[in-house]
Amino acid sequence: MHTRNFDLIAFDWDGTLFDSTKIIVRCIQAAVRDVGGTVPTDKAAGYVIGLGLMQALAHAAPDVPPEKYPELGARYRYHYMTHQSDIILFEGVLPLLDSLKARGHWLAVATGKSRRGLDEALQSAELKGIFDASRTADETAGKPDPRMLHELMEEFGVPPDRVLMIGDTTHDLQMALNASCPSVGVSYGAHEPDDFAALAPRHVAHSVRELHDWLLANA
């Protein structure tokens with residue numbers, strides 16, 4: 001039987017389990033399709049993320065004439081509002097969660113999302129019953145305040161050294177540090193992993209597969 005090093009594993013949501021980038025890519029593609037342009041590839045649509053909206057759309061859809069830009073922007077906003085709550089998990093997340101669950105870990109979400117936003121996401125049939133608890137920024141203190149983790153520790157009766165926080169931002173890792181909990185960073189989300197070093201994570205995973213392997217060996 002596997003000996004657990006951590007009883008409770010808490011995950012950030014956006015950028016750690018949930019791939020927000022894919023929603024933006026899909027919405028750009030749908031908007032271009034709506035106005036009759038050549039639909040950009042995933043790579044081309046992803047490249048423009050971070051630019052101003054109209055600059056991004058113009059770059060992603062070079063064959064759409066400027067007079068259609070207002071319509072293009074409106075269609076992008078429509079699709080984004082329609083799909084912003086879609087469940088788009090990083091590939092490999094469900095097997096990872098299933099493996100941890102099978103080994104007897106308690107699983108939680110500690111997120112900056114609202115309770116409504118997280119609950120809508122967790123309505124997915126694939127995620128029902130996976131998480132044992134969750135905390136959101138609008139119902140307790142936001143990151144990097146340690147209150148989310150303190151509340152989870154109290155709920156499960158788990159000391160700090162038996163809780164592992166996993167996240168893609170310095171806010172996640174600082175929260176863990178503030179709560180005296182170990183942490184693991186992931187480099188495929190929002191923040192550059194070079195910024196993690198000062199926050200002393202146990203590991204920085206560069207893919208969900210690497211995170212999965214590390215957790216099976218160390219959690």
# chains A, B, ... in the order shown; residues from 1 in each chain; ligands from 1
$ select_by_dssp --residues "region 31-202 of chain A" --states "strand (DSSP E or B)" --output "PyMOL selection string"
chain A and resi 49+51+89+106-111+133-136+163-167+183-186
$ residues_around --residues "Glu139 (chain A)" --least-positions-apart "4" --cutoff "8 Å" --atoms "only C-alpha atoms" --output "PyMOL selection string"
chain A and resi 114-115+135
$ residues_around --residues "Pro70 (chain A)" --least-positions-apart "3" --cutoff "12 Å" --atoms "only C-alpha atoms" --output "list in words"
Ala31, Val32, Val35, Leu53, Met54, Gln55, Leu57, Ala58, Val64, Pro65, Pro66, Glu67, Gly73, Ala74, Arg75, Tyr76 and Arg77 of chain A
$ closest_residue --among "A:Asp119, A:Asp213, A:Asp138, A:Asp145" --to "Gln174 (chain A)" --atoms "only C-alpha atoms"
A:Asp145
$ closest_residue --among "A:Phe131, A:Phe90, A:Tyr188, A:Tyr47" --to "Phe11 (chain A)" --atoms "only C-alpha atoms"
A:Phe131
$ select_by_dssp --residues "region 45-140 of chain A" --states "alpha helix (DSSP H)" --output "NGL selection string"
:A and (45-47 or 53-60 or 69-83 or 93-102 or 115-122)
$ residues_around --residues "Leu118 (chain A)" --least-positions-apart "5" --cutoff "9 Å" --atoms "only C-alpha atoms" --output "PyMOL selection string"
chain A and resi 13+85+111+113+123+134+136
$ residues_around --residues "Arg103 (chain A)" --least-positions-apart "6" --cutoff "12 Å" --atoms "only C-alpha atoms" --output "ChimeraX atom specification"
/A:1-9,96-97,215-217,219
$ closest_residue --among "A:His59, A:His79, A:His105, A:His203" --to "Asp34 (chain A)" --atoms "only C-alpha atoms"
A:His79
$ closest_residue --among "A:Ala121, A:Ile28, A:Ala200, A:Leu211" --to "Ser180 (chain A)" --atoms "only C-alpha atoms"
A:Ala200
$ residues_around --residues "Pro182 (chain A)" --least-positions-apart "5" --cutoff "12 Å" --atoms "only C-alpha atoms" --output "list in words"
Asn5, Phe6, Leu8, Ile9, Ala10, Leu149, Pro159, Pro160, Asp161, Arg162, Val163, Leu164, Met165, Ile166, Gly167, Asp172, Leu173, Gln174, Met175, Ala176, Leu177, Leu199, Ala200, Pro201, Arg202, His203, Asn218 and Ala219 of chain A
$ atom_distance --atom1 "CA of Lys143 (chain A)" --atom2 "CA of Ala110 (chain A)"
9.0 Å
$ closest_residue --among "A:Thr140, A:Ile88, A:Arg147, A:Gly36" --to "Leu127 (chain A)" --atoms "only C-alpha atoms"
A:Ile88
$ closest_residue --among "A:Leu72, A:His191, A:Ala60, A:Gly185" --to "Ala205 (chain A)" --atoms "only C-alpha atoms"
A:Gly185
